[in-house]
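The data block below is upload01.cif; it holds mmCIF, N, CA and C atoms.
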```cif
data_protein
loop_
_atom_site.label_atom_id
_atom_site.label_comp_id
_atom_site.auth_asym_id
_atom_site.auth_seq_id
_atom_site.Cartn_x
_atom_site.Cartn_y
_atom_site.Cartn_z
N MET A 1 -22.50 17.20 11.17
CA MET A 1 -21.56 16.97 10.09
C MET A 1 -20.13 17.29 10.50
N LYS A 2 -19.94 18.35 11.27
CA LYS A 2 -18.59 18.72 11.70
C LYS A 2 -17.97 17.62 12.54
N THR A 3 -18.76 16.98 13.37
CA THR A 3 -18.25 15.91 14.21
C THR A 3 -17.77 14.75 13.36
N GLU A 4 -18.51 14.44 12.30
CA GLU A 4 -18.12 13.35 11.41
C GLU A 4 -16.77 13.63 10.77
N GLY A 5 -16.55 14.83 10.28
CA GLY A 5 -15.27 15.22 9.69
C GLY A 5 -14.15 15.14 10.70
N PHE A 6 -14.42 15.58 11.92
CA PHE A 6 -13.43 15.52 12.99
C PHE A 6 -13.07 14.07 13.28
N ASN A 7 -14.08 13.19 13.33
CA ASN A 7 -13.83 11.78 13.59
C ASN A 7 -12.99 11.15 12.49
N LEU A 8 -13.23 11.54 11.24
CA LEU A 8 -12.43 11.01 10.13
C LEU A 8 -10.96 11.42 10.28
N ILE A 9 -10.74 12.67 10.68
CA ILE A 9 -9.37 13.14 10.89
C ILE A 9 -8.72 12.38 12.04
N LYS A 10 -9.43 12.23 13.14
CA LYS A 10 -8.91 11.49 14.30
C LYS A 10 -8.63 10.04 13.93
N ASN A 11 -9.52 9.43 13.13
CA ASN A 11 -9.32 8.05 12.71
C ASN A 11 -8.05 7.91 11.88
N LYS A 12 -7.81 8.86 10.99
CA LYS A 12 -6.60 8.83 10.17
C LYS A 12 -5.37 8.99 11.05
N GLU A 13 -5.44 9.87 12.02
CA GLU A 13 -4.30 10.09 12.92
C GLU A 13 -3.97 8.82 13.70
N ILE A 14 -4.98 8.15 14.24
CA ILE A 14 -4.72 6.95 15.02
C ILE A 14 -4.22 5.82 14.12
N PHE A 15 -4.74 5.76 12.90
CA PHE A 15 -4.26 4.75 11.94
C PHE A 15 -2.77 4.97 11.67
N ASP A 16 -2.38 6.23 11.47
CA ASP A 16 -0.98 6.55 11.19
C ASP A 16 -0.07 6.26 12.37
N VAL A 17 -0.63 6.22 13.58
CA VAL A 17 0.16 5.86 14.75
C VAL A 17 0.60 4.40 14.64
N PHE A 18 -0.29 3.56 14.18
CA PHE A 18 0.00 2.13 14.10
C PHE A 18 0.71 1.71 12.82
N PHE A 19 0.46 2.45 11.76
CA PHE A 19 1.01 2.09 10.46
C PHE A 19 1.66 3.29 9.81
N ARG A 20 2.79 3.04 9.15
CA ARG A 20 3.35 4.10 8.32
C ARG A 20 2.43 4.22 7.12
N GLU A 21 2.03 5.43 6.83
CA GLU A 21 0.98 5.67 5.85
C GLU A 21 1.31 5.13 4.45
N LYS A 22 2.45 5.50 3.89
CA LYS A 22 2.75 5.15 2.50
C LYS A 22 2.88 3.64 2.28
N PRO A 23 3.66 2.92 3.10
CA PRO A 23 3.73 1.46 2.88
C PRO A 23 2.38 0.77 3.02
N ALA A 24 1.58 1.20 3.99
CA ALA A 24 0.25 0.61 4.15
C ALA A 24 -0.60 0.88 2.92
N MET A 25 -0.54 2.12 2.43
CA MET A 25 -1.31 2.49 1.23
C MET A 25 -0.85 1.68 0.02
N MET A 26 0.46 1.44 -0.06
CA MET A 26 0.99 0.68 -1.20
C MET A 26 0.41 -0.73 -1.22
N LEU A 27 0.40 -1.39 -0.07
CA LEU A 27 -0.13 -2.75 -0.03
C LEU A 27 -1.61 -2.78 -0.38
N VAL A 28 -2.36 -1.84 0.15
CA VAL A 28 -3.80 -1.79 -0.13
C VAL A 28 -4.05 -1.49 -1.61
N GLU A 29 -3.28 -0.56 -2.18
CA GLU A 29 -3.43 -0.24 -3.61
C GLU A 29 -3.12 -1.46 -4.48
N LEU A 30 -2.07 -2.20 -4.13
CA LEU A 30 -1.73 -3.40 -4.90
C LEU A 30 -2.84 -4.44 -4.78
N LYS A 31 -3.38 -4.58 -3.58
CA LYS A 31 -4.45 -5.55 -3.35
C LYS A 31 -5.68 -5.20 -4.18
N ASN A 32 -6.01 -3.93 -4.28
CA ASN A 32 -7.23 -3.51 -4.95
C ASN A 32 -7.05 -3.20 -6.43
N ALA A 33 -5.86 -3.38 -6.95
CA ALA A 33 -5.59 -3.08 -8.36
C ALA A 33 -6.37 -4.03 -9.27
N ASN A 34 -6.94 -3.48 -10.32
CA ASN A 34 -7.70 -4.28 -11.27
C ASN A 34 -6.81 -4.86 -12.37
N SER A 35 -5.61 -4.32 -12.49
CA SER A 35 -4.70 -4.79 -13.53
C SER A 35 -3.27 -4.75 -12.99
N SER A 36 -2.33 -5.06 -13.83
CA SER A 36 -0.93 -5.06 -13.45
C SER A 36 -0.49 -3.67 -13.02
N VAL A 37 0.37 -3.62 -12.02
CA VAL A 37 0.81 -2.33 -11.49
C VAL A 37 2.33 -2.24 -11.61
N TYR A 38 2.79 -1.06 -12.00
CA TYR A 38 4.22 -0.76 -12.07
C TYR A 38 4.54 0.18 -10.92
N ALA A 39 5.81 0.23 -10.54
CA ALA A 39 6.23 1.10 -9.43
C ALA A 39 5.90 2.56 -9.72
N SER A 40 6.08 3.00 -10.96
CA SER A 40 5.80 4.40 -11.30
C SER A 40 4.32 4.73 -11.15
N VAL A 41 3.45 3.81 -11.53
CA VAL A 41 2.00 4.02 -11.39
C VAL A 41 1.63 4.04 -9.90
N LEU A 42 2.20 3.14 -9.15
CA LEU A 42 1.94 3.08 -7.71
C LEU A 42 2.38 4.37 -7.02
N ALA A 43 3.52 4.91 -7.43
CA ALA A 43 4.01 6.16 -6.86
C ALA A 43 3.00 7.29 -7.08
N LYS A 44 2.42 7.36 -8.26
CA LYS A 44 1.42 8.39 -8.55
C LYS A 44 0.16 8.18 -7.73
N GLN A 45 -0.26 6.92 -7.59
CA GLN A 45 -1.49 6.61 -6.86
C GLN A 45 -1.41 7.02 -5.39
N ILE A 46 -0.25 6.88 -4.80
CA ILE A 46 -0.13 7.20 -3.36
C ILE A 46 0.57 8.53 -3.12
N ASP A 47 0.82 9.27 -4.20
CA ASP A 47 1.44 10.59 -4.10
C ASP A 47 2.79 10.52 -3.38
N CYS A 48 3.69 9.78 -3.99
CA CYS A 48 5.01 9.55 -3.40
C CYS A 48 6.04 9.53 -4.52
N THR A 49 7.29 9.78 -4.19
CA THR A 49 8.31 9.77 -5.23
C THR A 49 8.60 8.33 -5.66
N TYR A 50 8.99 8.19 -6.91
CA TYR A 50 9.31 6.88 -7.46
C TYR A 50 10.43 6.21 -6.66
N SER A 51 11.48 6.97 -6.34
CA SER A 51 12.62 6.38 -5.62
C SER A 51 12.22 5.88 -4.23
N HIS A 52 11.34 6.62 -3.56
CA HIS A 52 10.86 6.19 -2.24
C HIS A 52 10.03 4.91 -2.37
N VAL A 53 9.19 4.85 -3.38
CA VAL A 53 8.36 3.66 -3.61
C VAL A 53 9.25 2.44 -3.87
N VAL A 54 10.25 2.61 -4.70
CA VAL A 54 11.15 1.48 -5.03
C VAL A 54 11.87 0.99 -3.77
N LYS A 55 12.32 1.92 -2.95
CA LYS A 55 12.99 1.56 -1.69
C LYS A 55 12.06 0.74 -0.79
N ILE A 56 10.82 1.18 -0.65
CA ILE A 56 9.85 0.45 0.17
C ILE A 56 9.54 -0.91 -0.46
N LEU A 57 9.39 -0.95 -1.78
CA LEU A 57 9.09 -2.20 -2.46
C LEU A 57 10.21 -3.22 -2.27
N GLN A 58 11.45 -2.77 -2.26
CA GLN A 58 12.57 -3.68 -2.03
C GLN A 58 12.49 -4.30 -0.64
N GLU A 59 12.12 -3.48 0.35
CA GLU A 59 11.95 -3.99 1.71
C GLU A 59 10.78 -4.98 1.77
N MET A 60 9.72 -4.68 1.05
CA MET A 60 8.55 -5.57 1.02
C MET A 60 8.90 -6.90 0.35
N GLN A 61 9.76 -6.82 -0.66
CA GLN A 61 10.18 -8.05 -1.33
C GLN A 61 11.01 -8.91 -0.37
N LYS A 62 11.91 -8.28 0.39
CA LYS A 62 12.71 -9.02 1.38
C LYS A 62 11.81 -9.69 2.42
N ALA A 63 10.71 -9.02 2.76
CA ALA A 63 9.77 -9.55 3.75
C ALA A 63 8.77 -10.53 3.12
N GLU A 64 8.95 -10.81 1.84
CA GLU A 64 8.13 -11.74 1.08
C GLU A 64 6.65 -11.31 1.02
N LEU A 65 6.45 -9.99 0.87
CA LEU A 65 5.09 -9.46 0.74
C LEU A 65 4.73 -9.22 -0.72
N ILE A 66 5.74 -8.96 -1.55
CA ILE A 66 5.51 -8.74 -2.99
C ILE A 66 6.55 -9.49 -3.80
N ASN A 67 6.25 -9.65 -5.07
CA ASN A 67 7.19 -10.18 -6.05
C ASN A 67 7.25 -9.20 -7.21
N PHE A 68 8.42 -9.12 -7.81
CA PHE A 68 8.58 -8.38 -9.06
C PHE A 68 8.49 -9.42 -10.17
N LYS A 69 7.63 -9.15 -11.14
CA LYS A 69 7.46 -10.06 -12.27
C LYS A 69 7.93 -9.33 -13.51
N LYS A 70 9.02 -9.83 -14.11
CA LYS A 70 9.57 -9.16 -15.29
C LYS A 70 8.80 -9.55 -16.54
N GLU A 71 8.44 -8.53 -17.30
CA GLU A 71 7.86 -8.74 -18.63
C GLU A 71 8.63 -7.85 -19.58
N GLY A 72 9.59 -8.45 -20.26
CA GLY A 72 10.47 -7.65 -21.12
C GLY A 72 11.29 -6.72 -20.25
N ARG A 73 11.22 -5.43 -20.54
CA ARG A 73 11.98 -4.45 -19.76
C ARG A 73 11.18 -3.94 -18.56
N LEU A 74 9.92 -4.34 -18.47
CA LEU A 74 9.05 -3.83 -17.41
C LEU A 74 9.02 -4.78 -16.21
N LYS A 75 8.88 -4.17 -15.03
CA LYS A 75 8.73 -4.95 -13.80
C LYS A 75 7.34 -4.71 -13.24
N LEU A 76 6.54 -5.76 -13.25
CA LEU A 76 5.20 -5.69 -12.68
C LEU A 76 5.27 -6.08 -11.21
N LEU A 77 4.35 -5.55 -10.43
CA LEU A 77 4.31 -5.86 -9.01
C LEU A 77 3.14 -6.78 -8.73
N GLU A 78 3.36 -7.76 -7.88
CA GLU A 78 2.27 -8.61 -7.45
C GLU A 78 2.45 -8.98 -5.99
N LEU A 79 1.34 -9.03 -5.29
CA LEU A 79 1.38 -9.40 -3.88
C LEU A 79 1.54 -10.91 -3.75
N THR A 80 2.29 -11.33 -2.76
CA THR A 80 2.35 -12.74 -2.42
C THR A 80 1.10 -13.06 -1.60
N LYS A 81 0.92 -14.32 -1.27
CA LYS A 81 -0.22 -14.70 -0.42
C LYS A 81 -0.13 -13.98 0.93
N LYS A 82 1.07 -13.93 1.48
CA LYS A 82 1.30 -13.23 2.75
C LYS A 82 0.97 -11.74 2.60
N GLY A 83 1.38 -11.14 1.49
CA GLY A 83 1.10 -9.73 1.22
C GLY A 83 -0.39 -9.46 1.10
N GLN A 84 -1.10 -10.40 0.45
CA GLN A 84 -2.56 -10.28 0.32
C GLN A 84 -3.22 -10.26 1.69
N GLN A 85 -2.79 -11.17 2.55
CA GLN A 85 -3.38 -11.28 3.89
C GLN A 85 -3.12 -10.02 4.70
N ILE A 86 -1.91 -9.52 4.64
CA ILE A 86 -1.57 -8.31 5.41
C ILE A 86 -2.35 -7.11 4.88
N ALA A 87 -2.44 -6.98 3.55
CA ALA A 87 -3.20 -5.87 2.96
C ALA A 87 -4.67 -5.94 3.39
N SER A 88 -5.25 -7.14 3.41
CA SER A 88 -6.64 -7.31 3.85
C SER A 88 -6.79 -6.91 5.31
N ASN A 89 -5.84 -7.30 6.14
CA ASN A 89 -5.89 -6.95 7.55
C ASN A 89 -5.76 -5.46 7.77
N ILE A 90 -4.90 -4.81 6.99
CA ILE A 90 -4.74 -3.34 7.09
C ILE A 90 -6.06 -2.66 6.75
N GLU A 91 -6.71 -3.13 5.67
CA GLU A 91 -8.00 -2.55 5.29
C GLU A 91 -9.04 -2.75 6.40
N ASN A 92 -9.05 -3.94 6.99
CA ASN A 92 -10.00 -4.22 8.06
C ASN A 92 -9.77 -3.32 9.27
N ILE A 93 -8.52 -3.16 9.64
CA ILE A 93 -8.19 -2.30 10.78
C ILE A 93 -8.57 -0.86 10.50
N LYS A 94 -8.26 -0.41 9.30
CA LYS A 94 -8.59 0.98 8.94
C LYS A 94 -10.10 1.20 9.02
N THR A 95 -10.88 0.22 8.57
CA THR A 95 -12.34 0.30 8.63
C THR A 95 -12.82 0.34 10.08
N MET A 96 -12.19 -0.44 10.94
CA MET A 96 -12.59 -0.51 12.35
C MET A 96 -12.26 0.80 13.09
N LEU A 97 -11.20 1.47 12.67
CA LEU A 97 -10.82 2.73 13.33
C LEU A 97 -11.75 3.83 12.91
#
```

Step by step, read the file and then write its structure as structure tokens.
Amino acid sequence: MKTEGFNLIKNKEIFDVFFREKPAMMLVELKNANSSVYASVLAKQIDCTYSHVVKILQEMQKAELINFKKEGRLKLLELTKKGQQIASNIENIKTML
């Protein structure tokens, strides 16, 4: 059992070498969301500050990975097709590690 726990830690470390943890987690969380997601909810899900999440989301929008969908005063987040593909690939790589 101890070896298994050690391997999980090593796997996380190697994953973090290739991917920045929070942005990768954000894409995967958006991909796996069962309903509409707001930046504030996403920040809580990945244990990150709201301002940091918004900054990353703006970069993701520039890279055409996400779209902001306005509903009244609220901004919902949705992955683009490109964002969906990248999130799926991140999940696959994480599983392989």

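Near segment 32-48 of chain A, within 7 Å and counting only C-alpha atoms, sit Lys22, Met25, Met26, Val28, His52, Val53, Val54, Lys75, Leu76 and Leu77 of chain A, not including residues fewer than 4 positions from it in the same chain.
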
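For the atom pair formed by atom CA of Lys69 of chain A and atom CA of Leu30 of chain A, the distance is 13.5 Å, given to one decimal.
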
(request) Compile the contact shell of Lys81 of chain A as a ChimeraX atom specification: residues with an atom at most 7 Å away, counting all atoms listed in the file, same-chain residues fewer than 5 positions apart removed. (result) /A:64-65,86

(request) Return as a ChimeraX atom specification the full set of residues in chain A whose backbone-based DSSP assignment is strand (DSSP E or B). (result) /A:37-38,66-71,74-79

Keeping only N, CA and C atoms, write those residues as a PDB file, in the coordinates of the input.
```pdb
ATOM      1  N   VAL A  37       0.370  -3.620 -12.020  1.00  0.00           N
ATOM      2  CA  VAL A  37       0.810  -2.330 -11.490  1.00  0.00           C
ATOM      3  C   VAL A  37       2.330  -2.240 -11.610  1.00  0.00           C
ATOM      4  N   TYR A  38       2.790  -1.060 -12.000  1.00  0.00           N
ATOM      5  CA  TYR A  38       4.220  -0.760 -12.070  1.00  0.00           C
ATOM      6  C   TYR A  38       4.540   0.180 -10.920  1.00  0.00           C
ATOM      7  N   ILE A  66       5.740  -8.960  -1.550  1.00  0.00           N
ATOM      8  CA  ILE A  66       5.510  -8.740  -2.990  1.00  0.00           C
ATOM      9  C   ILE A  66       6.550  -9.490  -3.800  1.00  0.00           C
ATOM     10  N   ASN A  67       6.250  -9.650  -5.070  1.00  0.00           N
ATOM     11  CA  ASN A  67       7.190 -10.180  -6.050  1.00  0.00           C
ATOM     12  C   ASN A  67       7.250  -9.200  -7.210  1.00  0.00           C
ATOM     13  N   PHE A  68       8.420  -9.120  -7.810  1.00  0.00           N
ATOM     14  CA  PHE A  68       8.580  -8.380  -9.060  1.00  0.00           C
ATOM     15  C   PHE A  68       8.490  -9.420 -10.170  1.00  0.00           C
ATOM     16  N   LYS A  69       7.630  -9.150 -11.140  1.00  0.00           N
ATOM     17  CA  LYS A  69       7.460 -10.060 -12.270  1.00  0.00           C
ATOM     18  C   LYS A  69       7.930  -9.330 -13.510  1.00  0.00           C
ATOM     19  N   LYS A  70       9.020  -9.830 -14.110  1.00  0.00           N
ATOM     20  CA  LYS A  70       9.570  -9.160 -15.290  1.00  0.00           C
ATOM     21  C   LYS A  70       8.800  -9.550 -16.540  1.00  0.00           C
ATOM     22  N   GLU A  71       8.440  -8.530 -17.300  1.00  0.00           N
ATOM     23  CA  GLU A  71       7.860  -8.740 -18.630  1.00  0.00           C
ATOM     24  C   GLU A  71       8.630  -7.850 -19.580  1.00  0.00           C
ATOM     25  N   LEU A  74       9.920  -4.340 -18.470  1.00  0.00           N
ATOM     26  CA  LEU A  74       9.050  -3.830 -17.410  1.00  0.00           C
ATOM     27  C   LEU A  74       9.020  -4.780 -16.210  1.00  0.00           C
ATOM     28  N   LYS A  75       8.880  -4.170 -15.030  1.00  0.00           N
ATOM     29  CA  LYS A  75       8.730  -4.950 -13.800  1.00  0.00           C
ATOM     30  C   LYS A  75       7.340  -4.710 -13.240  1.00  0.00           C
ATOM     31  N   LEU A  76       6.540  -5.760 -13.250  1.00  0.00           N
ATOM     32  CA  LEU A  76       5.200  -5.690 -12.680  1.00  0.00           C
ATOM     33  C   LEU A  76       5.270  -6.080 -11.210  1.00  0.00           C
ATOM     34  N   LEU A  77       4.350  -5.550 -10.430  1.00  0.00           N
ATOM     35  CA  LEU A  77       4.310  -5.860  -9.010  1.00  0.00           C
ATOM     36  C   LEU A  77       3.140  -6.780  -8.730  1.00  0.00           C
ATOM     37  N   GLU A  78       3.360  -7.760  -7.880  1.00  0.00           N
ATOM     38  CA  GLU A  78       2.270  -8.610  -7.450  1.00  0.00           C
ATOM     39  C   GLU A  78       2.450  -8.980  -5.990  1.00  0.00           C
ATOM     40  N   LEU A  79       1.340  -9.030  -5.290  1.00  0.00           N
ATOM     41  CA  LEU A  79       1.380  -9.400  -3.880  1.00  0.00           C
ATOM     42  C   LEU A  79       1.540 -10.910  -3.750  1.00  0.00           C
TER      43      LEU A  79
END
```

(request) Enumerate, as number ranges by chain, the complete set of residues in chain A that a backbone-based DSSP assignment places in helix (DSSP H, G or I). (result) A: 2-18, 21-32, 39-45, 50-62, 81-96

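Pairwise distance (atom C of Ala87 of chain A, atom C of Leu27 of chain A) equals 5.8 Å.
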
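Among the candidates A:Lys62, A:Lys55, A:Lys70, A:Lys31, the residue lying nearest to Ser88 of chain A is A:Lys31 (atoms considered: only C-alpha atoms).
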
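Put simply, atom C of Leu79 of chain A is 10.3 Å away from atom C of Gln61 of chain A.
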
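With only C-alpha atoms as the basis for measurement, A:Ile66 is the residue among A:Ile66, A:Leu57, A:Glu91, A:Glu21 that approaches Glu78 of chain A most closely.
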